[in-house]
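K.L.:
Below you will find the structure I want to go over with you.
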Amino acid sequence: MKVLVINCGSSSLKYQVFNMAEEEVLAKGEVERIGGKNSKLKHKKINLEKGEEGLGEVLVEEEINNHKEAIKVVVDNLVDINYGVINDLSEIYAVGHRVVHGGEEFSDAVIIDDEVLKALDKCKELAPLHNPPNIAGIEAAGEIFKNSVQVGVFDTAFHQAMDEKSYLYGLPYELYQKYGIRKYGFHGTSHKYVSEKASKIMKKPVEELKLISCHLGNGASIAAIDKGKSVDTSMGFTPLEGLVMGTRTGDLDPAIVPFLIEKEKMDTNDINDLLNKKSGVLGLSGISNDFRDLEKAAIEGNYRAKVALDVFVYRVVKFIGSYIMVLGGVDGLIFTAGVGENSPNVRQKIADYLTFAEVKIDGEKNKIKGETKDISAPDSSCRVLVIPTNEELMIARETKRLCD
Ligand code: ADP
């Protein structure tokens, strides 16, 4: 069974084609600058025999006005005689779409029909920047892949297992009822993928495991996973809550917002921009949101870079500590995403705080970057695992599961 996975942003469309029998990627690519001038497509056919990417990389530079035109250009390449991986569109049995917000409507992936599209429309106001392009992608793919099953896979769905005490804020209950203001959590597809992989590595069913999954990328979140279900997570109503991130504040005293509105004469756009794009380790360091730059600057003695890293690590540790209590212990601590997979330094700094819980990593094993590895010390109280995330594969798996 071949599955096409599509992830639509407001001006981009990323895609991968999977052969689900072997879970292999056959082709992948990205359309950039949709709706702007100089739109661009990068398409790669994967050379399976050599196990390397790039039998062909095609750059198409032309104006691509909307997501439907983007999918058409992708399709042209998928059936291309040199770079293609299918002869005919009907070979794509199903299209799996990443959808950022499923609200309370969706606690699992879903086959898309008219009813689902209506429900998705209702979730739009919860993610006004992300859901509209996701829906545009679904509608466009539906028109082009007329005979393929369309599946929506939600970033929020995995966290719908949380119960009220985790997801309610200390606001008047009526605001939850009126607007759906509650914690939803994000990165669910990633947390689910790495927790399933951890269960394989640990040779125990997820139902028998207490896991803490740290997705540390430019956007970052932590999930407490008990028996395969998310019981708490650090992101909230939006992806702004929780950890200090690349450019987002994470948790802060809400009273700072009206204070700034008054002092700096800010409006809602200014505030959103400040909290989402100018804060986090970028705002703290004044240097970069990229941890490679920060680590280099900190080694060279830059005070603000060091402080930014310290604040980031400290916040992660506080969440890990509270989730150990929430779960009543932990069997596996997982590091994933750009920083979690690639920064031995950040992982070591986090582990240095965890000696009270006897969570220990092995300095030698911790040297790895971007590969799956058990980095626990022999006398660690729980397994510490580095697991590269693969949200696209998880979307393809969920899509296949619904079609089986
Ligand atoms: P997102 O998907 O949220 O954009 P990623 O999971 O791709 O984020 O993570 C991107 C981040 O990973 C970069 O900002 C960078 O800081 C970090 N990163 C990548 N490689 C390394 C590395 N070798 N050392 C430290 N940090 C790294």
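For the structure tokens, the naming scheme is as follows: chains receive sequential letters (A, B, ...) according to their order of presentation, residues are indexed from 1 within each chain, and ligands are indexed from 1 in presentation order.
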Could you list the protein, DNA and RNA residues that have any atom within 10 Å of ligand 1, counting only C-alpha atoms and all ligand atoms, and write them as an mmCIF file with all heavy atoms, in the first residue's frame?
P.N.:
```cif
data_model
loop_
_atom_site.group_PDB
_atom_site.id
_atom_site.type_symbol
_atom_site.label_atom_id
_atom_site.label_comp_id
_atom_site.auth_asym_id
_atom_site.auth_seq_id
_atom_site.Cartn_x
_atom_site.Cartn_y
_atom_site.Cartn_z
ATOM 1 N N HIS A 187 2.419 18.389 19.395
ATOM 2 C CA HIS A 187 3.488 17.403 19.152
ATOM 3 C C HIS A 187 3.021 15.979 19.466
ATOM 4 O O HIS A 187 3.838 15.087 19.717
ATOM 5 C CB HIS A 187 4.739 17.669 20.019
ATOM 6 C CG HIS A 187 5.521 18.890 19.650
ATOM 7 N ND1 HIS A 187 6.157 19.670 20.582
ATOM 8 C CD2 HIS A 187 5.782 19.471 18.451
ATOM 9 C CE1 HIS A 187 6.779 20.665 19.984
ATOM 10 N NE2 HIS A 187 6.555 20.581 18.681
ATOM 11 N N HIS A 215 10.313 16.334 23.725
ATOM 12 C CA HIS A 215 10.464 16.757 22.327
ATOM 13 C C HIS A 215 11.092 18.150 22.372
ATOM 14 O O HIS A 215 10.411 19.150 22.599
ATOM 15 C CB HIS A 215 9.091 16.773 21.647
ATOM 16 C CG HIS A 215 9.121 17.246 20.219
ATOM 17 N ND1 HIS A 215 8.839 16.424 19.155
ATOM 18 C CD2 HIS A 215 9.405 18.453 19.682
ATOM 19 C CE1 HIS A 215 8.953 17.103 18.026
ATOM 20 N NE2 HIS A 215 9.282 18.347 18.322
ATOM 21 N N LEU A 216 12.413 18.193 22.197
ATOM 22 C CA LEU A 216 13.129 19.458 22.342
ATOM 23 C C LEU A 216 13.642 19.911 20.984
ATOM 24 O O LEU A 216 14.697 19.470 20.518
ATOM 25 C CB LEU A 216 14.297 19.299 23.331
ATOM 26 C CG LEU A 216 13.971 18.647 24.683
ATOM 27 C CD1 LEU A 216 15.226 18.516 25.540
ATOM 28 C CD2 LEU A 216 12.894 19.432 25.427
ATOM 29 N N GLY A 217 12.861 20.746 20.318
ATOM 30 C CA GLY A 217 13.277 21.317 19.038
ATOM 31 C C GLY A 217 13.172 22.820 19.150
ATOM 32 O O GLY A 217 13.261 23.365 20.257
ATOM 33 N N ASN A 218 12.961 23.470 18.038
ATOM 34 C CA ASN A 218 12.723 24.908 18.093
ATOM 35 C C ASN A 218 11.428 25.159 18.872
ATOM 36 O O ASN A 218 11.358 26.008 19.743
ATOM 37 C CB ASN A 218 12.654 25.435 16.657
ATOM 38 C CG ASN A 218 12.800 26.919 16.616
ATOM 39 O OD1 ASN A 218 13.476 27.521 17.456
ATOM 40 N ND2 ASN A 218 12.138 27.532 15.661
ATOM 41 N N GLY A 219 10.400 24.374 18.548
ATOM 42 C CA GLY A 219 9.227 24.268 19.422
ATOM 43 C C GLY A 219 9.509 23.095 20.352
ATOM 44 O O GLY A 219 10.088 22.102 19.913
ATOM 45 N N ALA A 220 9.147 23.195 21.622
ATOM 46 C CA ALA A 220 9.517 22.112 22.541
ATOM 47 C C ALA A 220 8.363 21.794 23.489
ATOM 48 O O ALA A 220 7.655 22.695 23.937
ATOM 49 C CB ALA A 220 10.750 22.519 23.349
ATOM 50 N N SER A 221 8.176 20.496 23.750
ATOM 51 C CA SER A 221 7.163 20.109 24.733
ATOM 52 C C SER A 221 7.545 18.786 25.373
ATOM 53 O O SER A 221 8.321 18.010 24.811
ATOM 54 C CB SER A 221 5.775 20.022 24.102
ATOM 55 O OG SER A 221 5.654 18.886 23.283
ATOM 56 N N MET A 245 11.294 28.072 24.696
ATOM 57 C CA MET A 245 11.604 27.446 23.394
ATOM 58 C C MET A 245 12.565 28.322 22.594
ATOM 59 O O MET A 245 13.143 29.268 23.122
ATOM 60 C CB MET A 245 10.304 27.223 22.624
ATOM 61 C CG MET A 245 9.285 26.480 23.460
ATOM 62 S SD MET A 245 7.763 26.118 22.627
ATOM 63 C CE MET A 245 6.663 26.115 24.057
ATOM 64 N N GLY A 246 12.715 28.005 21.310
ATOM 65 C CA GLY A 246 13.608 28.781 20.459
ATOM 66 C C GLY A 246 13.265 30.262 20.509
ATOM 67 O O GLY A 246 14.105 31.102 20.847
ATOM 68 N N THR A 247 11.996 30.561 20.208
ATOM 69 C CA THR A 247 11.577 31.973 20.205
ATOM 70 C C THR A 247 10.329 32.223 21.059
ATOM 71 O O THR A 247 9.840 33.337 21.108
ATOM 72 C CB THR A 247 11.263 32.447 18.763
ATOM 73 O OG1 THR A 247 10.195 31.647 18.243
ATOM 74 C CG2 THR A 247 12.474 32.337 17.856
ATOM 75 N N VAL A 281 14.898 31.352 23.969
ATOM 76 C CA VAL A 281 16.362 31.477 24.058
ATOM 77 C C VAL A 281 16.892 32.562 23.134
ATOM 78 O O VAL A 281 17.941 33.150 23.393
ATOM 79 C CB VAL A 281 17.095 30.129 23.802
ATOM 80 C CG1 VAL A 281 16.849 29.156 24.946
ATOM 81 C CG2 VAL A 281 16.707 29.515 22.469
ATOM 82 N N SER A 288 20.619 34.075 19.068
ATOM 83 C CA SER A 288 20.057 33.127 18.105
ATOM 84 C C SER A 288 19.048 32.228 18.801
ATOM 85 O O SER A 288 19.085 32.073 20.028
ATOM 86 C CB SER A 288 21.200 32.265 17.542
ATOM 87 O OG SER A 288 20.698 31.222 16.753
ATOM 88 N N ASN A 289 18.156 31.620 18.005
ATOM 89 C CA ASN A 289 17.291 30.582 18.561
ATOM 90 C C ASN A 289 17.881 29.205 18.275
ATOM 91 O O ASN A 289 17.306 28.190 18.623
ATOM 92 C CB ASN A 289 15.876 30.671 17.989
ATOM 93 C CG ASN A 289 15.851 30.500 16.492
ATOM 94 O OD1 ASN A 289 16.818 30.842 15.811
ATOM 95 N ND2 ASN A 289 14.776 29.974 15.958
ATOM 96 N N ASP A 290 19.035 29.180 17.598
ATOM 97 C CA ASP A 290 19.645 27.899 17.253
ATOM 98 C C ASP A 290 20.623 27.488 18.353
ATOM 99 O O ASP A 290 21.555 28.222 18.675
ATOM 100 C CB ASP A 290 20.372 28.013 15.903
ATOM 101 C CG ASP A 290 20.761 26.650 15.375
ATOM 102 O OD1 ASP A 290 21.442 25.899 16.112
ATOM 103 O OD2 ASP A 290 20.371 26.331 14.244
ATOM 104 N N PHE A 291 20.384 26.294 18.894
ATOM 105 C CA PHE A 291 21.186 25.847 20.037
ATOM 106 C C PHE A 291 22.655 25.648 19.690
ATOM 107 O O PHE A 291 23.511 25.707 20.570
ATOM 108 C CB PHE A 291 20.579 24.565 20.637
ATOM 109 C CG PHE A 291 19.392 24.862 21.513
ATOM 110 C CD1 PHE A 291 18.205 25.335 20.959
ATOM 111 C CD2 PHE A 291 19.461 24.708 22.890
ATOM 112 C CE1 PHE A 291 17.117 25.645 21.757
ATOM 113 C CE2 PHE A 291 18.375 25.013 23.700
ATOM 114 C CZ PHE A 291 17.200 25.484 23.129
ATOM 115 N N ARG A 292 22.942 25.395 18.410
ATOM 116 C CA ARG A 292 24.361 25.255 18.028
ATOM 117 C C ARG A 292 25.084 26.583 18.231
ATOM 118 O O ARG A 292 26.186 26.626 18.773
ATOM 119 C CB ARG A 292 24.478 24.809 16.565
ATOM 120 C CG ARG A 292 24.125 23.352 16.381
ATOM 121 C CD ARG A 292 23.828 23.036 14.956
ATOM 122 N NE ARG A 292 22.559 23.635 14.549
ATOM 123 C CZ ARG A 292 21.858 23.221 13.506
ATOM 124 N NH1 ARG A 292 22.294 22.240 12.752
ATOM 125 N NH2 ARG A 292 20.705 23.790 13.211
ATOM 126 N N ASP A 293 24.421 27.677 17.825
ATOM 127 C CA ASP A 293 25.019 29.012 18.007
ATOM 128 C C ASP A 293 25.175 29.323 19.491
ATOM 129 O O ASP A 293 26.183 29.879 19.924
ATOM 130 C CB ASP A 293 24.135 30.105 17.387
ATOM 131 C CG ASP A 293 23.933 29.896 15.905
ATOM 132 O OD1 ASP A 293 24.785 29.227 15.292
ATOM 133 O OD2 ASP A 293 22.925 30.396 15.366
ATOM 134 N N LEU A 294 24.148 28.956 20.268
ATOM 135 C CA LEU A 294 24.181 29.285 21.703
ATOM 136 C C LEU A 294 25.277 28.514 22.417
ATOM 137 O O LEU A 294 25.990 29.061 23.266
ATOM 138 C CB LEU A 294 22.829 28.965 22.350
ATOM 139 C CG LEU A 294 21.650 29.787 21.856
ATOM 140 C CD1 LEU A 294 20.362 29.339 22.532
ATOM 141 C CD2 LEU A 294 21.888 31.272 22.139
ATOM 142 N N GLU A 295 25.404 27.228 22.070
ATOM 143 C CA GLU A 295 26.425 26.417 22.737
ATOM 144 C C GLU A 295 27.826 26.943 22.415
ATOM 145 O O GLU A 295 28.690 27.002 23.281
ATOM 146 C CB GLU A 295 26.267 24.939 22.341
ATOM 147 C CG GLU A 295 25.013 24.336 22.984
ATOM 148 C CD GLU A 295 24.787 22.859 22.660
ATOM 149 O OE1 GLU A 295 25.552 22.273 21.862
ATOM 150 O OE2 GLU A 295 23.817 22.298 23.207
ATOM 151 N N LYS A 296 28.000 27.348 21.157
ATOM 152 C CA LYS A 296 29.303 27.874 20.741
ATOM 153 C C LYS A 296 29.593 29.179 21.510
ATOM 154 O O LYS A 296 30.664 29.347 22.093
ATOM 155 C CB LYS A 296 29.267 28.141 19.231
ATOM 156 C CG LYS A 296 30.573 28.546 18.628
ATOM 157 C CD LYS A 296 30.522 28.393 17.099
ATOM 158 C CE LYS A 296 31.737 29.016 16.448
ATOM 159 N NZ LYS A 296 31.668 30.474 16.349
ATOM 160 N N THR A 336 14.014 13.615 22.118
ATOM 161 C CA THR A 336 13.812 13.629 20.670
ATOM 162 C C THR A 336 13.779 15.054 20.137
ATOM 163 O O THR A 336 13.878 16.012 20.901
ATOM 164 C CB THR A 336 12.531 12.843 20.292
ATOM 165 O OG1 THR A 336 12.531 12.643 18.874
ATOM 166 C CG2 THR A 336 11.247 13.589 20.681
ATOM 167 N N ALA A 337 13.667 15.174 18.811
ATOM 168 C CA ALA A 337 13.646 16.450 18.047
ATOM 169 C C ALA A 337 15.048 17.075 18.013
ATOM 170 O O ALA A 337 15.964 16.592 18.690
ATOM 171 C CB ALA A 337 12.613 17.424 18.598
ATOM 172 N N GLY A 338 15.180 18.159 17.230
ATOM 173 C CA GLY A 338 16.493 18.733 16.904
ATOM 174 C C GLY A 338 17.491 18.794 18.046
ATOM 175 O O GLY A 338 18.606 18.281 17.938
ATOM 176 N N VAL A 339 17.100 19.387 19.170
ATOM 177 C CA VAL A 339 18.019 19.536 20.297
ATOM 178 C C VAL A 339 18.145 18.205 21.060
ATOM 179 O O VAL A 339 19.253 17.761 21.386
ATOM 180 C CB VAL A 339 17.531 20.658 21.248
ATOM 181 C CG1 VAL A 339 18.515 20.870 22.384
ATOM 182 C CG2 VAL A 339 17.312 21.964 20.484
ATOM 183 N N GLY A 340 17.023 17.579 21.324
ATOM 184 C CA GLY A 340 17.025 16.312 22.080
ATOM 185 C C GLY A 340 17.837 15.228 21.386
ATOM 186 O O GLY A 340 18.520 14.431 22.042
ATOM 187 N N GLU A 341 17.786 15.207 20.050
ATOM 188 C CA GLU A 341 18.509 14.170 19.304
ATOM 189 C C GLU A 341 19.989 14.504 19.130
ATOM 190 O O GLU A 341 20.811 13.609 19.009
ATOM 191 C CB GLU A 341 17.896 14.011 17.898
ATOM 192 C CG GLU A 341 16.497 13.425 17.910
ATOM 193 C CD GLU A 341 15.761 13.621 16.588
ATOM 194 O OE1 GLU A 341 16.425 13.768 15.534
ATOM 195 O OE2 GLU A 341 14.522 13.629 16.605
ATOM 196 N N ASN A 342 20.293 15.808 19.072
ATOM 197 C CA ASN A 342 21.631 16.212 18.614
ATOM 198 C C ASN A 342 22.515 16.922 19.630
ATOM 199 O O ASN A 342 23.643 17.252 19.304
ATOM 200 C CB ASN A 342 21.495 17.141 17.401
ATOM 201 C CG ASN A 342 20.891 16.414 16.222
ATOM 202 O OD1 ASN A 342 21.441 15.433 15.759
ATOM 203 N ND2 ASN A 342 19.738 16.887 15.759
ATOM 204 N N SER A 343 21.991 17.204 20.815
ATOM 205 C CA SER A 343 22.835 17.957 21.748
ATOM 206 C C SER A 343 23.213 17.139 22.996
ATOM 207 O O SER A 343 22.480 17.134 23.992
ATOM 208 C CB SER A 343 22.135 19.252 22.170
ATOM 209 O OG SER A 343 22.936 19.899 23.135
ATOM 210 N N PRO A 344 24.378 16.487 22.966
ATOM 211 C CA PRO A 344 24.859 15.768 24.157
ATOM 212 C C PRO A 344 24.968 16.716 25.346
ATOM 213 O O PRO A 344 24.691 16.337 26.485
ATOM 214 C CB PRO A 344 26.245 15.267 23.751
ATOM 215 C CG PRO A 344 26.230 15.234 22.256
ATOM 216 C CD PRO A 344 25.314 16.344 21.827
ATOM 217 N N ASN A 345 25.336 17.971 25.063
ATOM 218 C CA ASN A 345 25.524 18.973 26.102
ATOM 219 C C ASN A 345 24.216 19.242 26.865
ATOM 220 O O ASN A 345 24.185 19.207 28.102
ATOM 221 C CB ASN A 345 26.068 20.243 25.423
ATOM 222 C CG ASN A 345 26.171 21.399 26.367
ATOM 223 O OD1 ASN A 345 26.720 21.266 27.451
ATOM 224 N ND2 ASN A 345 25.631 22.545 25.964
ATOM 225 N N VAL A 346 23.129 19.491 26.133
ATOM 226 C CA VAL A 346 21.845 19.751 26.791
ATOM 227 C C VAL A 346 21.377 18.505 27.553
ATOM 228 O O VAL A 346 20.925 18.589 28.693
ATOM 229 C CB VAL A 346 20.770 20.219 25.760
ATOM 230 C CG1 VAL A 346 19.379 20.185 26.365
ATOM 231 C CG2 VAL A 346 21.098 21.626 25.257
ATOM 232 N N ILE A 368 26.447 10.469 21.108
ATOM 233 C CA ILE A 368 25.812 10.303 19.783
ATOM 234 C C ILE A 368 24.909 11.482 19.402
ATOM 235 O O ILE A 368 24.413 12.204 20.261
ATOM 236 C CB ILE A 368 24.951 9.016 19.710
ATOM 237 C CG1 ILE A 368 23.951 8.972 20.873
ATOM 238 C CG2 ILE A 368 25.804 7.795 19.658
ATOM 239 C CD1 ILE A 368 22.588 9.220 20.490
ATOM 240 N N LYS A 369 24.743 11.619 18.088
ATOM 241 C CA LYS A 369 23.829 12.634 17.542
ATOM 242 C C LYS A 369 22.939 11.973 16.500
ATOM 243 O O LYS A 369 23.440 11.243 15.628
ATOM 244 C CB LYS A 369 24.614 13.740 16.847
ATOM 245 C CG LYS A 369 25.425 14.586 17.805
ATOM 246 C CD LYS A 369 26.091 15.739 17.097
ATOM 247 C CE LYS A 369 26.890 16.535 18.129
ATOM 248 N NZ LYS A 369 27.464 17.738 17.609
ATOM 249 N N GLY A 370 21.644 12.236 16.597
ATOM 250 C CA GLY A 370 20.720 11.835 15.532
ATOM 251 C C GLY A 370 20.570 10.356 15.309
ATOM 252 O O GLY A 370 20.225 9.931 14.218
ATOM 253 N N PRO A 388 15.292 9.482 17.428
ATOM 254 C CA PRO A 388 14.903 10.459 16.406
ATOM 255 C C PRO A 388 13.416 10.326 16.093
ATOM 256 O O PRO A 388 12.921 9.210 15.885
ATOM 257 C CB PRO A 388 15.763 10.076 15.200
ATOM 258 C CG PRO A 388 16.944 9.384 15.795
ATOM 259 C CD PRO A 388 16.409 8.637 16.991
ATOM 260 N N THR A 389 12.714 11.447 16.122
ATOM 261 C CA THR A 389 11.276 11.382 15.865
ATOM 262 C C THR A 389 11.023 11.219 14.368
ATOM 263 O O THR A 389 11.906 11.483 13.538
ATOM 264 C CB THR A 389 10.549 12.620 16.419
ATOM 265 O OG1 THR A 389 9.145 12.357 16.432
ATOM 266 C CG2 THR A 389 10.835 13.885 15.617
#
```
K.L.:
Might you pull out every residue within 10 Å of A:Gly102, with only C-alpha atoms counted and same-chain residues fewer than 6 positions away left off, and present them as a list in words?
P.N.:
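My reading of the contact set: Asp108, Ala109, Ala119, Leu120, Asp121, Lys122, Cys123, Lys124, Leu126, Ala127, Asn131, Gly152, Val153, Phe154, Asp155, Thr156, Ala157, Gln160 and Tyr184 of chain A.
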K.L.:
Give me, as a list of chain:residue names, all polymer residues having an atom no more than 9 Å from A:Glu358, counting only C-alpha atoms and skipping those fewer than 4 positions away in the same chain.
P.N.:
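What passes the distance filter is A:Leu354, A:Asp379, A:Ser380, A:Ser381, A:Cys382.
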K.L.:
Those selected residues, please, written with N, CA and C atoms and delivered as a short mmCIF file (atom, residue, chain, number, x, y, z; two decimals), in the first residue's frame.
P.N.:
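Once everything was written out, this is again.cif:
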```cif
data_model
loop_
_atom_site.label_atom_id
_atom_site.label_comp_id
_atom_site.auth_asym_id
_atom_site.auth_seq_id
_atom_site.Cartn_x
_atom_site.Cartn_y
_atom_site.Cartn_z
N LEU A 354 19.21 15.24 37.71
CA LEU A 354 18.28 14.16 38.02
C LEU A 354 18.87 13.09 38.93
N ASP A 379 23.71 1.82 36.17
CA ASP A 379 23.01 1.89 37.46
C ASP A 379 21.89 2.94 37.47
N SER A 380 21.41 3.33 36.28
CA SER A 380 20.32 4.32 36.23
C SER A 380 19.01 3.68 36.69
N SER A 381 18.17 4.47 37.38
CA SER A 381 16.89 3.93 37.86
C SER A 381 15.89 3.75 36.73
N CYS A 382 16.12 4.45 35.60
CA CYS A 382 15.23 4.26 34.44
C CYS A 382 16.07 4.32 33.17
#
```
K.L.:
Please identify all polymer residues within 7 Å of stretch 2-17 of chain A, counting only C-alpha atoms, omitting same-chain residues fewer than 2 positions from it, and present them as JSON, numbers by chain.
P.N.:
{"A": [19, 20, 25, 26, 27, 28, 29, 30, 31, 32, 33, 34, 35, 91, 92, 93, 94, 95, 96, 97, 98, 130, 133, 134, 137, 392, 395, 396]}
K.L.:
Out of stretch 106-139 of chain A, which residues get helix (DSSP H, G or I) from DSSP, as number ranges by chain?
P.N.:
A: 114-126, 131-139
K.L.:
I want to know what sits within 8 Å of A:Gly236, based on only C-alpha atoms, with residues of the same chain fewer than 3 positions away left out; could you give that as a list in words?
P.N.:
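The filter keeps Tyr167, Arg182, Lys183, Tyr184, Gly185, Phe186, Thr233, Pro239, Leu240, Glu241 and Gly242 of chain A.
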K.L.:
Please produce a file of those selected residues containing all heavy atoms, as a tab-separated table (two decimals), in the first residue's frame.
P.N.:
```tsv
chain	number	residue	atom	x	y	z
A	167	TYR	N	-6.17	19.17	32.22
A	167	TYR	CA	-6.40	20.12	31.13
A	167	TYR	C	-7.15	21.40	31.49
A	167	TYR	O	-7.18	22.35	30.71
A	167	TYR	CB	-7.01	19.44	29.90
A	167	TYR	CG	-8.46	18.98	29.99
A	167	TYR	CD1	-9.52	19.89	30.07
A	167	TYR	CD2	-8.77	17.63	29.91
A	167	TYR	CE1	-10.83	19.46	30.11
A	167	TYR	CE2	-10.08	17.19	29.94
A	167	TYR	CZ	-11.11	18.11	30.03
A	167	TYR	OH	-12.41	17.70	30.06
A	182	ARG	N	-8.85	25.51	27.34
A	182	ARG	CA	-8.30	24.41	28.13
A	182	ARG	C	-6.95	24.05	27.55
A	182	ARG	O	-6.56	24.56	26.51
A	182	ARG	CB	-9.22	23.18	28.09
A	182	ARG	CG	-9.60	22.76	26.66
A	182	ARG	CD	-10.07	21.34	26.55
A	182	ARG	NE	-8.91	20.45	26.58
A	182	ARG	CZ	-8.99	19.11	26.54
A	182	ARG	NH1	-10.16	18.51	26.48
A	182	ARG	NH2	-7.90	18.37	26.55
A	183	LYS	N	-6.24	23.16	28.22
A	183	LYS	CA	-4.98	22.65	27.66
A	183	LYS	C	-5.32	21.62	26.59
A	183	LYS	O	-6.15	20.73	26.84
A	183	LYS	CB	-4.16	22.01	28.79
A	183	LYS	CG	-2.82	21.45	28.33
A	183	LYS	CD	-2.13	20.69	29.47
A	183	LYS	CE	-1.40	21.58	30.44
A	183	LYS	NZ	-0.14	22.12	29.92
A	184	TYR	N	-4.74	21.73	25.42
A	184	TYR	CA	-4.89	20.71	24.38
A	184	TYR	C	-3.60	19.92	24.20
A	184	TYR	O	-3.62	18.71	24.08
A	184	TYR	CB	-5.30	21.34	23.03
A	184	TYR	CG	-6.72	21.87	23.06
A	184	TYR	CD1	-6.97	23.23	23.30
A	184	TYR	CD2	-7.80	21.02	22.89
A	184	TYR	CE1	-8.26	23.72	23.35
A	184	TYR	CE2	-9.10	21.51	22.94
A	184	TYR	CZ	-9.32	22.86	23.17
A	184	TYR	OH	-10.60	23.34	23.24
A	185	GLY	N	-2.47	20.64	24.20
A	185	GLY	CA	-1.19	19.96	23.97
A	185	GLY	C	-0.95	19.75	22.49
A	185	GLY	O	-1.90	19.65	21.71
A	186	PHE	N	0.33	19.71	22.11
A	186	PHE	CA	0.70	19.54	20.69
A	186	PHE	C	1.85	18.53	20.60
A	186	PHE	O	2.19	17.92	21.61
A	186	PHE	CB	1.08	20.91	20.09
A	186	PHE	CG	-0.09	21.86	20.14
A	186	PHE	CD1	-0.33	22.64	21.28
A	186	PHE	CD2	-1.00	21.94	19.10
A	186	PHE	CE1	-1.43	23.48	21.36
A	186	PHE	CE2	-2.09	22.78	19.17
A	186	PHE	CZ	-2.31	23.56	20.30
A	233	THR	N	0.89	17.23	29.56
A	233	THR	CA	1.87	17.72	28.60
A	233	THR	C	2.08	19.21	28.83
A	233	THR	O	1.22	19.89	29.39
A	233	THR	CB	1.45	17.39	27.15
A	233	THR	OG1	2.53	17.69	26.28
A	233	THR	CG2	0.21	18.17	26.71
A	239	PRO	N	0.56	26.39	21.43
A	239	PRO	CA	1.91	25.86	21.65
A	239	PRO	C	2.84	26.81	22.39
A	239	PRO	O	4.03	26.59	22.46
A	239	PRO	CB	2.43	25.63	20.21
A	239	PRO	CG	1.23	25.62	19.34
A	239	PRO	CD	0.26	26.55	20.00
A	240	LEU	N	2.29	27.86	22.99
A	240	LEU	CA	3.11	28.85	23.67
A	240	LEU	C	3.47	28.46	25.10
A	240	LEU	O	4.47	28.89	25.65
A	240	LEU	CB	2.37	30.19	23.66
A	240	LEU	CG	3.07	31.46	24.12
A	240	LEU	CD1	4.37	31.68	23.38
A	240	LEU	CD2	2.15	32.66	23.90
A	241	GLU	N	2.62	27.60	25.69
A	241	GLU	CA	2.80	27.28	27.12
A	241	GLU	C	3.94	26.28	27.36
A	241	GLU	O	4.32	25.52	26.47
A	241	GLU	CB	1.49	26.67	27.64
A	241	GLU	CG	1.43	26.55	29.16
A	241	GLU	CD	0.14	25.90	29.64
A	241	GLU	OE1	-0.87	25.89	28.90
A	241	GLU	OE2	0.15	25.38	30.77
A	242	GLY	N	4.47	26.31	28.56
A	242	GLY	CA	5.38	25.24	28.98
A	242	GLY	C	6.84	25.62	28.96
A	242	GLY	O	7.27	26.56	29.64
```
K.L.:
Name the residues in contact with A:Val60 at a cut-off of 7 Å, using only C-alpha atoms, excluding same-chain residues fewer than 2 positions from it; report them as a list in words.
P.N.:
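So, after excluding close chain neighbours, the residues are Lys40, Leu41, Val58 and Glu62 of chain A.
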K.L.:
Step one, run DSSP on the backbone; step two, keep only residues of stretch 183-268 of chain A assigned to strand (DSSP E or B); then write them as a ChimeraX atom specification.
P.N.:
/A:210-216,220-226,229-233
K.L.:
From the set A:Val74, A:Val231, A:Val85, A:Ile181, which residue has the shortest atom-to-atom contact distance to A:Glu104, counting only C-alpha atoms?
P.N.:
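Closest to A:Glu104, using only C-alpha atoms: A:Ile181.
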K.L.:
Distance atom CA of A:Gly170-atom CA of A:Val244, one decimal place?
P.N.:
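Computing the Euclidean distance for atom CA of A:Gly170 and atom CA of A:Val244 yields 21.5 Å.
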K.L.:
Env of A:Val75: 10 Å cut, atoms = only C-alpha atoms, seq-sep filter 2 positions within chain, self excluded. Answer as an NGL selection string.
P.N.:
:A and (69-73 or 77-80 or 84 or 86 or 88-89 or 144-145)
K.L.:
Measuring between only C-alpha atoms, which one of A:Asn38, A:Ser234, A:Ser90, A:Asn65 shows the shortest distance to A:Ile320?
P.N.:
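Of all the options, A:Ser234 lies closest to A:Ile320.
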K.L.:
Could you check how far atom CA of A:Ile111 sits from atom CA of A:Val151, in Å to one decimal?
P.N.:
4.4 Å
